[in-house]
$ cat model16.cif   # mmCIF, C-alpha atoms
data_my_file
#
loop_
_atom_site.group_PDB
_atom_site.id
_atom_site.type_symbol
_atom_site.label_atom_id
_atom_site.label_comp_id
_atom_site.auth_asym_id
_atom_site.auth_seq_id
_atom_site.Cartn_x
_atom_site.Cartn_y
_atom_site.Cartn_z
ATOM 1 C CA MET A 1 113.299 105.264 68.147
ATOM 2 C CA LYS A 2 109.669 105.892 68.983
ATOM 3 C CA SER A 3 109.201 106.859 72.613
ATOM 4 C CA ALA A 4 106.270 107.609 74.898
ATOM 5 C CA VAL A 5 106.250 109.428 78.251
ATOM 6 C CA ILE A 6 103.510 108.553 80.742
ATOM 7 C CA VAL A 7 102.084 111.510 82.649
ATOM 8 C CA PHE A 8 100.420 110.835 86.000
ATOM 9 C CA PRO A 9 98.619 113.405 88.162
ATOM 10 C CA GLY A 10 101.565 114.931 90.035
ATOM 11 C CA SER A 11 104.302 114.069 87.522
ATOM 12 C CA ASN A 12 106.582 117.082 87.067
ATOM 13 C CA ARG A 13 109.666 115.997 85.093
ATOM 14 C CA GLU A 14 107.863 114.936 81.934
ATOM 15 C CA GLY A 15 108.904 118.110 80.078
ATOM 16 C CA ASP A 16 112.586 117.651 80.935
ATOM 17 C CA MET A 17 112.311 114.021 79.875
ATOM 18 C CA ALA A 18 110.684 114.949 76.558
ATOM 19 C CA ASN A 19 113.473 117.462 75.866
ATOM 20 C CA ALA A 20 116.180 114.878 76.594
ATOM 21 C CA LEU A 21 114.504 112.292 74.355
ATOM 22 C CA GLU A 22 114.026 114.795 71.539
ATOM 23 C CA GLN A 23 117.647 115.948 71.738
ATOM 24 C CA ALA A 24 118.945 112.380 71.446
ATOM 25 C CA THR A 25 116.439 110.833 69.040
ATOM 26 C CA GLY A 26 115.352 113.821 66.963
ATOM 27 C CA ALA A 27 111.701 113.020 67.650
ATOM 28 C CA ARG A 28 109.357 114.368 70.285
ATOM 29 C CA PRO A 29 107.903 111.541 72.431
ATOM 30 C CA ALA A 30 104.164 110.880 72.624
ATOM 31 C CA MET A 31 102.773 112.122 75.936
ATOM 32 C CA LEU A 32 100.283 109.618 77.386
ATOM 33 C CA TRP A 33 97.853 110.124 80.262
ATOM 34 C CA HIS A 34 97.741 107.614 83.120
ATOM 35 C CA ALA A 35 94.108 106.760 82.310
ATOM 36 C CA ASP A 36 94.961 105.684 78.740
ATOM 37 C CA HIS A 37 94.867 101.963 78.058
ATOM 38 C CA GLU A 38 97.145 101.601 75.043
ATOM 39 C CA LEU A 39 100.578 102.648 73.858
ATOM 40 C CA PRO A 40 100.856 104.149 70.345
ATOM 41 C CA ALA A 41 101.579 101.422 67.782
ATOM 42 C CA GLY A 42 105.294 100.878 67.287
ATOM 43 C CA THR A 43 106.405 102.324 70.629
ATOM 44 C CA ASP A 44 109.993 101.225 71.342
ATOM 45 C CA LEU A 45 110.546 102.966 74.679
ATOM 46 C CA VAL A 46 108.170 103.879 77.506
ATOM 47 C CA VAL A 47 109.373 106.409 80.087
ATOM 48 C CA LEU A 48 107.936 107.010 83.560
ATOM 49 C CA PRO A 49 109.153 110.469 84.605
ATOM 50 C CA GLY A 50 109.883 111.925 88.021
ATOM 51 C CA GLY A 51 107.525 113.868 90.232
ATOM 52 C CA PHE A 52 105.069 113.115 92.978
ATOM 53 C CA SER A 53 102.382 110.988 91.332
ATOM 54 C CA TYR A 54 99.155 111.028 93.349
ATOM 55 C CA GLY A 55 100.899 113.208 95.923
ATOM 56 C CA ASP A 56 102.945 110.202 97.110
ATOM 57 C CA TYR A 57 99.753 109.078 98.890
ATOM 58 C CA LEU A 58 99.845 105.628 100.530
ATOM 59 C CA ARG A 59 103.415 104.912 99.366
ATOM 60 C CA CYS A 60 105.498 106.586 96.655
ATOM 61 C CA GLY A 61 104.399 105.162 93.310
ATOM 62 C CA ALA A 62 101.822 102.818 94.851
ATOM 63 C CA ILE A 63 98.744 104.226 93.153
ATOM 64 C CA ALA A 64 100.484 105.076 89.868
ATOM 65 C CA GLY A 65 101.829 101.522 89.754
ATOM 66 C CA ARG A 66 98.229 100.320 89.452
ATOM 67 C CA ALA A 67 96.992 102.990 86.995
ATOM 68 C CA PRO A 68 95.154 101.774 83.848
ATOM 69 C CA ILE A 69 98.097 102.465 81.486
ATOM 70 C CA MET A 70 100.399 100.222 83.538
ATOM 71 C CA ASP A 71 98.856 97.034 82.110
ATOM 72 C CA ALA A 72 100.000 98.206 78.681
ATOM 73 C CA VAL A 73 103.447 99.064 80.090
ATOM 74 C CA ARG A 74 103.730 95.608 81.682
ATOM 75 C CA ALA A 75 102.731 93.961 78.382
ATOM 76 C CA HIS A 76 105.302 96.114 76.531
ATOM 77 C CA ALA A 77 108.021 95.043 78.990
ATOM 78 C CA ALA A 78 106.990 91.383 78.717
ATOM 79 C CA ARG A 79 107.450 91.644 74.926
ATOM 80 C CA GLY A 80 111.004 92.847 75.534
ATOM 81 C CA GLY A 81 110.158 96.525 74.964
ATOM 82 C CA LEU A 82 112.304 99.153 76.681
ATOM 83 C CA VAL A 83 111.042 100.864 79.854
ATOM 84 C CA LEU A 84 112.856 103.630 81.729
ATOM 85 C CA GLY A 85 111.740 104.941 85.139
ATOM 86 C CA VAL A 86 113.470 107.893 86.758
ATOM 87 C CA CYS A 87 113.027 108.911 90.417
ATOM 88 C CA ASN A 88 109.254 108.608 91.010
ATOM 89 C CA GLY A 89 109.280 106.478 87.847
ATOM 90 C CA PHE A 90 111.672 104.038 89.562
ATOM 91 C CA GLN A 91 109.350 103.942 92.576
ATOM 92 C CA ILE A 92 106.413 103.208 90.252
ATOM 93 C CA LEU A 93 108.340 100.387 88.524
ATOM 94 C CA CYS A 94 109.014 98.759 91.908
ATOM 95 C CA GLU A 95 105.392 99.145 93.014
ATOM 96 C CA SER A 96 104.081 97.788 89.703
ATOM 97 C CA GLY A 97 106.151 94.620 89.978
ATOM 98 C CA LEU A 98 108.325 95.417 86.952
ATOM 99 C CA LEU A 99 111.401 95.719 89.173
ATOM 100 C CA PRO A 100 112.105 93.977 92.507
ATOM 101 C CA GLY A 101 112.484 95.719 95.862
ATOM 102 C CA VAL A 102 111.199 99.030 97.168
ATOM 103 C CA LEU A 103 112.376 102.633 97.663
ATOM 104 C CA MET A 104 112.107 103.587 101.326
ATOM 105 C CA ARG A 105 112.458 106.890 103.183
ATOM 106 C CA ASN A 106 116.051 108.174 103.053
ATOM 107 C CA ALA A 107 117.939 106.804 106.064
ATOM 108 C CA ASN A 108 118.716 110.313 107.351
ATOM 109 C CA LEU A 109 115.053 111.371 106.828
ATOM 110 C CA ARG A 110 116.123 114.342 104.678
ATOM 111 C CA PHE A 111 115.051 115.215 101.170
ATOM 112 C CA VAL A 112 118.306 115.342 99.200
ATOM 113 C CA CYS A 113 118.688 117.700 96.244
ATOM 114 C CA LYS A 114 122.242 117.927 94.935
ATOM 115 C CA MET A 115 124.768 116.848 92.325
ATOM 116 C CA GLN A 116 125.824 113.227 92.737
ATOM 117 C CA HIS A 117 128.471 110.981 91.185
ATOM 118 C CA LEU A 118 127.564 107.506 89.999
ATOM 119 C CA ARG A 119 129.543 104.553 88.690
ATOM 120 C CA VAL A 120 128.231 102.910 85.517
ATOM 121 C CA GLU A 121 128.248 99.195 86.340
ATOM 122 C CA ARG A 122 127.968 97.809 82.808
ATOM 123 C CA ASN A 123 127.834 99.176 79.283
ATOM 124 C CA ASP A 124 126.437 96.206 77.402
ATOM 125 C CA THR A 125 122.805 97.331 77.729
ATOM 126 C CA ALA A 126 120.422 99.375 75.598
ATOM 127 C CA PHE A 127 120.550 102.110 78.248
ATOM 128 C CA THR A 128 124.292 102.380 78.905
ATOM 129 C CA ARG A 129 126.157 101.401 75.730
ATOM 130 C CA ASN A 130 127.395 104.970 75.145
ATOM 131 C CA TYR A 131 129.102 105.003 78.552
ATOM 132 C CA ALA A 132 132.274 103.133 79.474
ATOM 133 C CA LYS A 133 132.081 100.322 82.007
ATOM 134 C CA GLY A 134 133.153 101.729 85.369
ATOM 135 C CA GLN A 135 132.810 105.337 84.147
ATOM 136 C CA ILE A 136 132.116 107.905 86.865
ATOM 137 C CA ILE A 137 129.394 110.328 85.839
ATOM 138 C CA GLU A 138 127.921 113.353 87.592
ATOM 139 C CA VAL A 139 124.173 113.874 87.524
ATOM 140 C CA CYS A 140 121.680 115.268 90.032
ATOM 141 C CA ILE A 141 119.422 113.669 92.607
ATOM 142 C CA ALA A 142 116.268 115.084 94.190
ATOM 143 C CA HIS A 143 114.299 112.689 96.375
ATOM 144 C CA GLY A 144 113.088 111.899 99.877
ATOM 145 C CA GLU A 145 112.467 108.199 99.273
ATOM 146 C CA GLY A 146 115.419 106.744 97.398
ATOM 147 C CA ASN A 147 116.668 104.236 99.920
ATOM 148 C CA TYR A 148 116.677 100.999 97.905
ATOM 149 C CA GLU A 149 115.746 97.966 99.960
ATOM 150 C CA ALA A 150 114.965 94.334 99.185
ATOM 151 C CA ASP A 151 115.233 91.064 101.070
ATOM 152 C CA ASP A 152 118.629 89.353 101.261
ATOM 153 C CA ALA A 153 117.765 86.727 98.656
ATOM 154 C CA THR A 154 116.694 89.414 96.160
ATOM 155 C CA ILE A 155 119.827 91.504 96.759
ATOM 156 C CA GLU A 156 121.944 88.392 96.266
ATOM 157 C CA ARG A 157 120.159 87.608 92.997
ATOM 158 C CA ILE A 158 120.439 91.201 91.704
ATOM 159 C CA GLU A 159 124.154 91.234 92.447
ATOM 160 C CA GLY A 160 124.755 87.698 91.164
ATOM 161 C CA GLU A 161 123.007 88.355 87.862
ATOM 162 C CA GLY A 162 124.654 91.738 87.311
ATOM 163 C CA LEU A 163 121.420 93.710 87.465
ATOM 164 C CA VAL A 164 122.827 96.758 89.265
ATOM 165 C CA ALA A 165 122.978 99.588 86.709
ATOM 166 C CA PHE A 166 124.485 102.454 88.737
ATOM 167 C CA ARG A 167 126.005 102.839 92.214
ATOM 168 C CA TYR A 168 126.523 105.976 94.294
ATOM 169 C CA ALA A 169 130.181 107.025 94.235
ATOM 170 C CA ASN A 170 132.339 110.036 94.917
ATOM 171 C CA ALA A 171 134.239 112.044 92.281
ATOM 172 C CA THR A 172 137.240 109.716 92.464
ATOM 173 C CA GLY A 173 135.139 106.604 92.011
ATOM 174 C CA VAL A 174 135.045 105.372 95.607
ATOM 175 C CA ILE A 175 131.709 103.620 96.112
ATOM 176 C CA GLY A 176 129.430 104.175 99.090
ATOM 177 C CA GLY A 177 130.303 105.495 102.538
ATOM 178 C CA ALA A 178 129.744 109.236 102.637
ATOM 179 C CA ALA A 179 128.904 109.132 98.909
ATOM 180 C CA ASN A 180 125.712 107.152 99.576
ATOM 181 C CA PRO A 181 123.078 109.887 99.929
ATOM 182 C CA ASN A 182 120.120 107.835 101.155
ATOM 183 C CA GLY A 183 121.198 104.574 102.806
ATOM 184 C CA SER A 184 120.498 102.343 99.766
ATOM 185 C CA ARG A 185 121.545 98.713 100.134
ATOM 186 C CA ASN A 186 124.881 98.097 98.393
ATOM 187 C CA ASP A 187 124.888 101.784 97.294
ATOM 188 C CA ILE A 188 122.379 100.923 94.550
ATOM 189 C CA ALA A 189 121.225 103.948 92.518
ATOM 190 C CA GLY A 190 119.548 102.003 89.715
ATOM 191 C CA ILE A 191 118.718 98.442 88.666
ATOM 192 C CA PHE A 192 117.794 96.493 85.541
ATOM 193 C CA SER A 193 115.099 93.864 85.135
ATOM 194 C CA ASP A 194 116.179 90.259 84.504
ATOM 195 C CA LYS A 195 116.347 90.811 80.728
ATOM 196 C CA ARG A 196 117.847 94.317 81.117
ATOM 197 C CA ASN A 197 115.050 95.895 79.072
ATOM 198 C CA VAL A 198 113.683 97.779 82.100
ATOM 199 C CA LEU A 199 115.817 100.307 83.992
ATOM 200 C CA GLY A 200 114.854 102.215 87.134
ATOM 201 C CA LEU A 201 117.122 104.802 88.733
ATOM 202 C CA MET A 202 116.745 107.555 91.321
ATOM 203 C CA PRO A 203 119.127 110.143 89.734
ATOM 204 C CA HIS A 204 117.978 112.444 86.925
ATOM 205 C CA PRO A 205 120.058 111.995 83.750
ATOM 206 C CA GLU A 206 117.441 114.040 81.844
ATOM 207 C CA ASN A 207 118.541 117.157 83.725
ATOM 208 C CA LEU A 208 122.197 116.893 82.660
ATOM 209 C CA ILE A 209 121.950 117.206 78.885
ATOM 210 C CA ASP A 210 122.982 120.841 78.383
ATOM 211 C CA PRO A 211 126.251 122.593 79.392
ATOM 212 C CA LEU A 212 124.102 125.558 80.417
ATOM 213 C CA VAL A 213 122.954 123.694 83.525
ATOM 214 C CA GLY A 214 126.352 122.397 84.552
ATOM 215 C CA GLY A 215 127.022 119.179 82.697
ATOM 216 C CA ILE A 216 126.049 116.721 79.980
ATOM 217 C CA ASP A 217 126.768 113.381 81.666
ATOM 218 C CA GLY A 218 123.131 112.372 81.266
ATOM 219 C CA ARG A 219 123.187 112.600 77.470
ATOM 220 C CA ALA A 220 124.857 109.241 76.870
ATOM 221 C CA LEU A 221 121.909 107.399 78.394
ATOM 222 C CA PHE A 222 119.502 108.902 75.856
ATOM 223 C CA GLU A 223 122.006 108.526 73.008
ATOM 224 C CA SER A 224 122.328 104.864 73.967
ATOM 225 C CA LEU A 225 118.558 104.509 73.750
ATOM 226 C CA ALA A 226 118.483 106.339 70.415
ATOM 227 C CA ARG A 227 120.734 103.593 68.996
ATOM 228 C CA ALA A 228 118.498 100.854 70.384
ATOM 229 C CA ALA A 229 115.836 101.003 67.690
ATOM 230 C CA MET B 1 80.141 96.780 108.671
ATOM 231 C CA LYS B 2 83.301 98.482 109.833
ATOM 232 C CA ALA B 3 86.679 96.921 109.269
ATOM 233 C CA ARG B 4 90.107 98.033 110.334
ATOM 234 C CA VAL B 5 93.264 97.177 108.438
ATOM 235 C CA VAL B 6 96.602 97.731 110.143
ATOM 236 C CA VAL B 7 99.752 97.758 108.016
ATOM 237 C CA THR B 8 103.103 97.495 109.782
ATOM 238 C CA LEU B 9 106.710 97.172 108.666
ATOM 239 C CA LYS B 10 108.140 93.660 108.813
ATOM 240 C CA ASN B 11 110.656 92.875 111.506
ATOM 241 C CA GLY B 12 114.154 93.792 110.457
ATOM 242 C CA VAL B 13 113.072 96.506 107.998
ATOM 243 C CA LEU B 14 114.712 99.777 108.997
ATOM 244 C CA ASP B 15 112.120 102.364 110.071
ATOM 245 C CA PRO B 16 113.822 105.771 110.157
ATOM 246 C CA GLN B 17 110.539 107.551 110.956
ATOM 247 C CA GLY B 18 109.866 105.279 113.935
ATOM 248 C CA LYS B 19 113.419 105.907 115.124
ATOM 249 C CA ALA B 20 112.922 109.672 114.875
ATOM 250 C CA ILE B 21 109.653 109.450 116.844
ATOM 251 C CA GLU B 22 111.368 107.268 119.422
ATOM 252 C CA GLY B 23 114.098 109.898 119.782
ATOM 253 C CA ALA B 24 111.506 112.679 120.128
ATOM 254 C CA LEU B 25 109.609 110.790 122.838
ATOM 255 C CA LYS B 26 112.832 110.255 124.753
ATOM 256 C CA SER B 27 113.758 113.925 124.435
ATOM 257 C CA LEU B 28 110.295 114.816 125.799
ATOM 258 C CA GLY B 29 111.113 112.777 128.877
ATOM 259 C CA VAL B 30 108.488 110.067 128.214
ATOM 260 C CA SER B 31 109.907 107.191 130.191
ATOM 261 C CA GLY B 32 109.768 103.472 129.474
ATOM 262 C CA VAL B 33 109.842 103.772 125.663
ATOM 263 C CA ASP B 34 112.086 101.018 124.356
ATOM 264 C CA SER B 35 111.352 101.338 120.652
ATOM 265 C CA VAL B 36 108.802 102.748 118.178
ATOM 266 C CA ARG B 37 107.684 101.311 114.826
ATOM 267 C CA GLN B 38 105.386 103.432 112.677
ATOM 268 C CA GLY B 39 102.530 101.889 110.682
ATOM 269 C CA LYS B 40 99.248 102.772 108.961
ATOM 270 C CA VAL B 41 95.599 102.256 109.919
ATOM 271 C CA PHE B 42 92.737 102.085 107.368
ATOM 272 C CA ASP B 43 89.129 102.207 108.586
ATOM 273 C CA ILE B 44 87.011 100.708 105.830
ATOM 274 C CA GLU B 45 83.229 100.357 105.489
ATOM 275 C CA VAL B 46 82.424 97.015 103.879
ATOM 276 C CA THR B 47 79.238 95.267 102.751
ATOM 277 C CA GLY B 48 78.486 91.542 102.819
ATOM 278 C CA ASP B 49 79.110 88.897 105.450
ATOM 279 C CA ALA B 50 82.328 88.716 107.442
ATOM 280 C CA THR B 51 83.810 85.865 105.398
ATOM 281 C CA THR B 52 83.304 87.672 102.081
ATOM 282 C CA ALA B 53 84.519 90.952 103.526
ATOM 283 C CA LYS B 54 87.655 89.308 104.889
ATOM 284 C CA ALA B 55 88.423 87.837 101.469
ATOM 285 C CA GLN B 56 87.890 91.186 99.766
ATOM 286 C CA LEU B 57 90.033 93.043 102.278
ATOM 287 C CA THR B 58 92.773 90.453 101.922
ATOM 288 C CA ALA B 59 92.730 91.118 98.178
ATOM 289 C CA ALA B 60 92.814 94.881 98.884
ATOM 290 C CA CYS B 61 95.885 94.437 101.086
ATOM 291 C CA GLU B 62 97.700 92.216 98.601
ATOM 292 C CA LYS B 63 96.896 94.471 95.634
ATOM 293 C CA LEU B 64 97.367 97.921 97.121
ATOM 294 C CA LEU B 65 97.210 98.660 100.854
ATOM 295 C CA ALA B 66 100.420 96.843 101.790
ATOM 296 C CA ASN B 67 103.696 96.420 99.944
ATOM 297 C CA THR B 68 104.371 92.843 101.016
ATOM 298 C CA VAL B 69 108.079 93.219 100.248
ATOM 299 C CA ILE B 70 108.423 95.252 103.431
ATOM 300 C CA GLU B 71 105.023 95.280 105.158
ATOM 301 C CA ASN B 72 102.651 92.923 107.007
ATOM 302 C CA TYR B 73 98.921 93.520 107.316
ATOM 303 C CA HIS B 74 96.268 92.590 109.846
ATOM 304 C CA ILE B 75 92.500 92.709 109.230
ATOM 305 C CA ASP B 76 89.950 93.211 112.013
ATOM 306 C CA ILE B 77 86.246 92.930 111.199
#

$ encode --input "model16.cif" --output "structure tokens"
Amino acid sequence: MKSAVIVFPGSNREGDMANALEQATGARPAMLWHADHELPAGTDLVVLPGGFSYGDYLRCGAIAGRAPIMDAVRAHAARGGLVLGVCNGFQILCESGLLPGVLMRNANLRFVCKMQHLRVERNDTAFTRNYAKGQIIEVCIAHGEGNYEADDATIERIEGEGLVAFRYANATGVIGGAANPNGSRNDIAGIFSDKRNVLGLMPHPENLIDPLVGGIDGRALFESLARAA
Amino acid sequence: MKARVVVTLKNGVLDPQGKAIEGALKSLGVSGVDSVRQGKVFDIEVTGDATTAKAQLTAACEKLLANTVIENYHIDI
């Protein structure tokens, strides 16, 4: 598994992401700058980390989604290459056209920073094969714009084609209601692209890989990816 | 030449910031406010004739200034 992490001005989770990838794959990812134009030869996985790229100017992820490196990321995805976007990375994937929909301001207008349970919707993907289908995991969230929104036809297609990756749940597995932290449509925390080679999610699995920080429920995502190539 | 681009949320898209502003106006006692929708204004200096500028600004809106999933745009030259 050869991975690369894209660093934009204002990214701040790239170090955590590199640690999670190294723990699972045994290899440190290449760190690429947003102004680069090419991925290293043989890259299997491209990761867009969390943070506040370009200060969230205009819209979250809007300017990063059009950065020079993104043409190479789009070409990688079109070839079937794996792409993971977490938090601001998810926002960038939506703005770049690699995933449908948009992340809007949280419905309650508050920045949420807390532990959050999720339900794993399917485990037949490169990202989730080391989880069980329907498994409830606990990871953390930290965002002000995580309210997933798309038009009705898009939501219907995402649901119909099984492209929801994770939904907000409580500890006992009840979906939505008070467990939805941001007002996301259908309690969506993460979605796949049509071919399930691109995943965007608001929660931070890369921060739950060490018992020292309160849990390791994020590890399986990276261990799944480590098996993918 | 000066141009102004106004980007607004499409009808039906929830606007929590507009709602909060609406609530604040009501709490200030500003009467007659039925609803508030928040948008963005871009004042842009452009060169060339109006037709060319309009085409370039339309491209700017489609490529970057507006997210057409949730936003409409209007160009004044």

$ resolve_selection --input "model16.cif" --expression "the PyMOL selection byres ((chain B and resi 15) around 9)" --output "JSON, numbers by chain"
{"A": [104, 105, 107], "B": [9, 12, 13, 14, 16, 17, 18, 19, 20, 36, 37, 38]}

$ closest_residue --input "model16.cif" --among "A:Gly80, A:Gly61, A:Gly51, A:Gly101" --to "chain B" --atoms "only C-alpha atoms"
A:Gly101

$ closest_atom_pairs --input "model16.cif" --of "chain B" --to "chain A" --cutoff "8 Å" --atoms "only C-alpha atoms" --output "CSV"
residue,atom,partner,partner_atom,distance
B:Pro16,CA,A:Ala107,CA,5.9
B:Gln17,CA,A:Leu109,CA,7.2
B:Leu64,CA,A:Ala62,CA,7.0
B:Leu65,CA,A:Leu58,CA,7.5
B:Asn67,CA,A:Glu95,CA,7.6
B:Val69,CA,A:Gly101,CA,6.7
B:Ile70,CA,A:Val102,CA,7.8

$ closest_residue --input "model16.cif" --among "A:Val139, A:Val213, A:Leu48, A:Leu201" --to "A:Leu163" --atoms "all atoms listed in the file"
A:Leu201

$ residues_around --input "model16.cif" --residues "B:Val46" --least-positions-apart "3" --cutoff "7 Å" --atoms "all atoms listed in the file" --output "PyMOL selection string"
chain B and resi 1-3+53

$ residues_around --input "model16.cif" --residues "A:Lys114" --least-positions-apart "6" --cutoff "10 Å" --atoms "all atoms listed in the file" --output "list in words"
Val139, Cys140, Ile141, Ala142, His143, Pro181 and Pro203 of chain A

$ resolve_selection --input "model16.cif" --expression "the PyMOL selection byres ((chain B and resi 39) around 6)" --output "list in words"
Val7, Thr8, Gln38 and Lys40 of chain B

$ atom_distance --input "model16.cif" --atom1 "atom CA of A:Asp194" --atom2 "atom CA of A:Leu98"
9.7 Å

$ axis_aligned_box --input "model16.cif" --around "stretch 206-210 of chain A" --padding-each-side "6 Å" --output "AutoDock Vina command-line options"
--center_x 120.2 --center_y 117.4 --center_z 81.1 --size_x 17.5 --size_y 18.8 --size_z 17.3

$ closest_residue --input "model16.cif" --among "B:Lys10, B:Glu22, B:Ala60, B:Gly32" --to "B:Asn72" --atoms "all atoms listed in the file"
B:Lys10

$ closest_residue --input "model16.cif" --among "A:Glu206, A:Pro9, A:Ala179, A:Leu45" --to "A:Trp33" --atoms "all atoms listed in the file"
A:Pro9

$ resolve_selection --input "model16.cif" --expression "the PyMOL selection byres ((chain B and resi 74) around 9)" --output "list in words"
Arg4, Val5, Val6, Val7, Thr8, Thr58, Cys61, Asn72, Tyr73, Ile75 and Asp76 of chain B

$ atom_distance --input "model16.cif" --atom1 "atom CA of A:Glu121" --atom2 "atom CA of A:Arg28"
29.1 Å

$ closest_residue --input "model16.cif" --among "A:Ile136, A:Val7, A:Ala126, A:Ile191" --to "A:Leu82" --atoms "only C-alpha atoms"
A:Ala126

$ atom_distance --input "model16.cif" --atom1 "atom CA of A:Ile158" --atom2 "atom CA of A:Met70"
23.4 Å

$ residues_near_point --input "model16.cif" --point "(101.1, 96.2, 77.3)" --cutoff "12 Å" --atoms "all atoms listed in the file" --output "JSON, numbers by chain"
{"A": [36, 37, 38, 39, 40, 41, 42, 43, 44, 45, 46, 68, 69, 70, 71, 72, 73, 74, 75, 76, 77, 78, 79, 80, 81, 82, 83]}

$ write_last_selection --input "model16.cif" --atoms "C-alpha atoms" --output "short mmCIF file (atom, residue, chain, number, x, y, z; two decimals), keeping the file's coordinate frame"
data_model
loop_
_atom_site.label_atom_id
_atom_site.label_comp_id
_atom_site.auth_asym_id
_atom_site.auth_seq_id
_atom_site.Cartn_x
_atom_site.Cartn_y
_atom_site.Cartn_z
CA ASP A 36 94.96 105.68 78.74
CA HIS A 37 94.87 101.96 78.06
CA GLU A 38 97.14 101.60 75.04
CA LEU A 39 100.58 102.65 73.86
CA PRO A 40 100.86 104.15 70.34
CA ALA A 41 101.58 101.42 67.78
CA GLY A 42 105.29 100.88 67.29
CA THR A 43 106.40 102.32 70.63
CA ASP A 44 109.99 101.22 71.34
CA LEU A 45 110.55 102.97 74.68
CA VAL A 46 108.17 103.88 77.51
CA PRO A 68 95.15 101.77 83.85
CA ILE A 69 98.10 102.46 81.49
CA MET A 70 100.40 100.22 83.54
CA ASP A 71 98.86 97.03 82.11
CA ALA A 72 100.00 98.21 78.68
CA VAL A 73 103.45 99.06 80.09
CA ARG A 74 103.73 95.61 81.68
CA ALA A 75 102.73 93.96 78.38
CA HIS A 76 105.30 96.11 76.53
CA ALA A 77 108.02 95.04 78.99
CA ALA A 78 106.99 91.38 78.72
CA ARG A 79 107.45 91.64 74.93
CA GLY A 80 111.00 92.85 75.53
CA GLY A 81 110.16 96.52 74.96
CA LEU A 82 112.30 99.15 76.68
CA VAL A 83 111.04 100.86 79.85
#

$ residues_near_point --input "model16.cif" --point "(118.1, 111.7, 70.5)" --cutoff "10 Å" --atoms "only C-alpha atoms" --output "list in words"
Met1, Asn19, Ala20, Leu21, Glu22, Gln23, Ala24, Thr25, Gly26, Ala27, Arg28, Arg219, Ala220, Leu221, Phe222, Glu223, Ser224, Leu225, Ala226 and Arg227 of chain A

$ closest_residue --input "model16.cif" --among "A:Leu118, A:Leu103, A:Leu208, A:Ala228" --to "A:Arg185" --atoms "all atoms listed in the file"
A:Leu103

$ residues_around --input "model16.cif" --residues "A:Ala169" --least-positions-apart "4" --cutoff "12 Å" --atoms "all atoms listed in the file" --output "number ranges by chain"
A: 115-121, 134-139, 173-181, 186-189

$ build_atoms --input "model16.cif" --residues "stretch 59-72 of chain A" --atoms "N, CA and C atoms" --output "JSON list (two decimals), in the frame of the given file"
[["chain", "number", "residue", "atom", "x", "y", "z"],
["A", 59, "ARG", "N", 101.97, 105.09, 99.46],
["A", 59, "ARG", "CA", 103.42, 104.91, 99.37],
["A", 59, "ARG", "C", 103.81, 105.53, 98.03],
["A", 60, "CYS", "N", 105.06, 105.98, 97.92],
["A", 60, "CYS", "CA", 105.50, 106.59, 96.66],
["A", 60, "CYS", "C", 105.30, 105.60, 95.51],
["A", 61, "GLY", "N", 104.56, 106.00, 94.50],
["A", 61, "GLY", "CA", 104.40, 105.16, 93.31],
["A", 61, "GLY", "C", 103.34, 104.08, 93.44],
["A", 62, "ALA", "N", 102.74, 103.94, 94.63],
["A", 62, "ALA", "CA", 101.82, 102.82, 94.85],
["A", 62, "ALA", "C", 100.58, 102.91, 93.98],
["A", 63, "ILE", "N", 99.99, 104.09, 93.90],
["A", 63, "ILE", "CA", 98.74, 104.23, 93.15],
["A", 63, "ILE", "C", 99.04, 104.30, 91.65],
["A", 64, "ALA", "N", 100.10, 105.02, 91.28],
["A", 64, "ALA", "CA", 100.48, 105.08, 89.87],
["A", 64, "ALA", "C", 100.84, 103.70, 89.33],
["A", 65, "GLY", "N", 101.44, 102.87, 90.18],
["A", 65, "GLY", "CA", 101.83, 101.52, 89.75],
["A", 65, "GLY", "C", 100.65, 100.66, 89.37],
["A", 66, "ARG", "N", 99.45, 101.08, 89.76],
["A", 66, "ARG", "CA", 98.23, 100.32, 89.45],
["A", 66, "ARG", "C", 97.29, 101.11, 88.53],
["A", 67, "ALA", "N", 97.80, 102.17, 87.91],
["A", 67, "ALA", "CA", 96.99, 102.99, 87.00],
["A", 67, "ALA", "C", 96.66, 102.18, 85.73],
["A", 68, "PRO", "N", 95.58, 102.53, 85.04],
["A", 68, "PRO", "CA", 95.15, 101.77, 83.85],
["A", 68, "PRO", "C", 96.26, 101.55, 82.81],
["A", 69, "ILE", "N", 97.07, 102.59, 82.53],
["A", 69, "ILE", "CA", 98.10, 102.46, 81.49],
["A", 69, "ILE", "C", 99.16, 101.42, 81.83],
["A", 70, "MET", "N", 99.30, 101.11, 83.13],
["A", 70, "MET", "CA", 100.40, 100.22, 83.54],
["A", 70, "MET", "C", 100.24, 98.80, 83.01],
["A", 71, "ASP", "N", 99.02, 98.36, 82.72],
["A", 71, "ASP", "CA", 98.86, 97.03, 82.11],
["A", 71, "ASP", "C", 99.52, 97.01, 80.74],
["A", 72, "ALA", "N", 99.36, 98.12, 80.00],
["A", 72, "ALA", "CA", 100.00, 98.21, 78.68],
["A", 72, "ALA", "C", 101.52, 98.28, 78.82]]
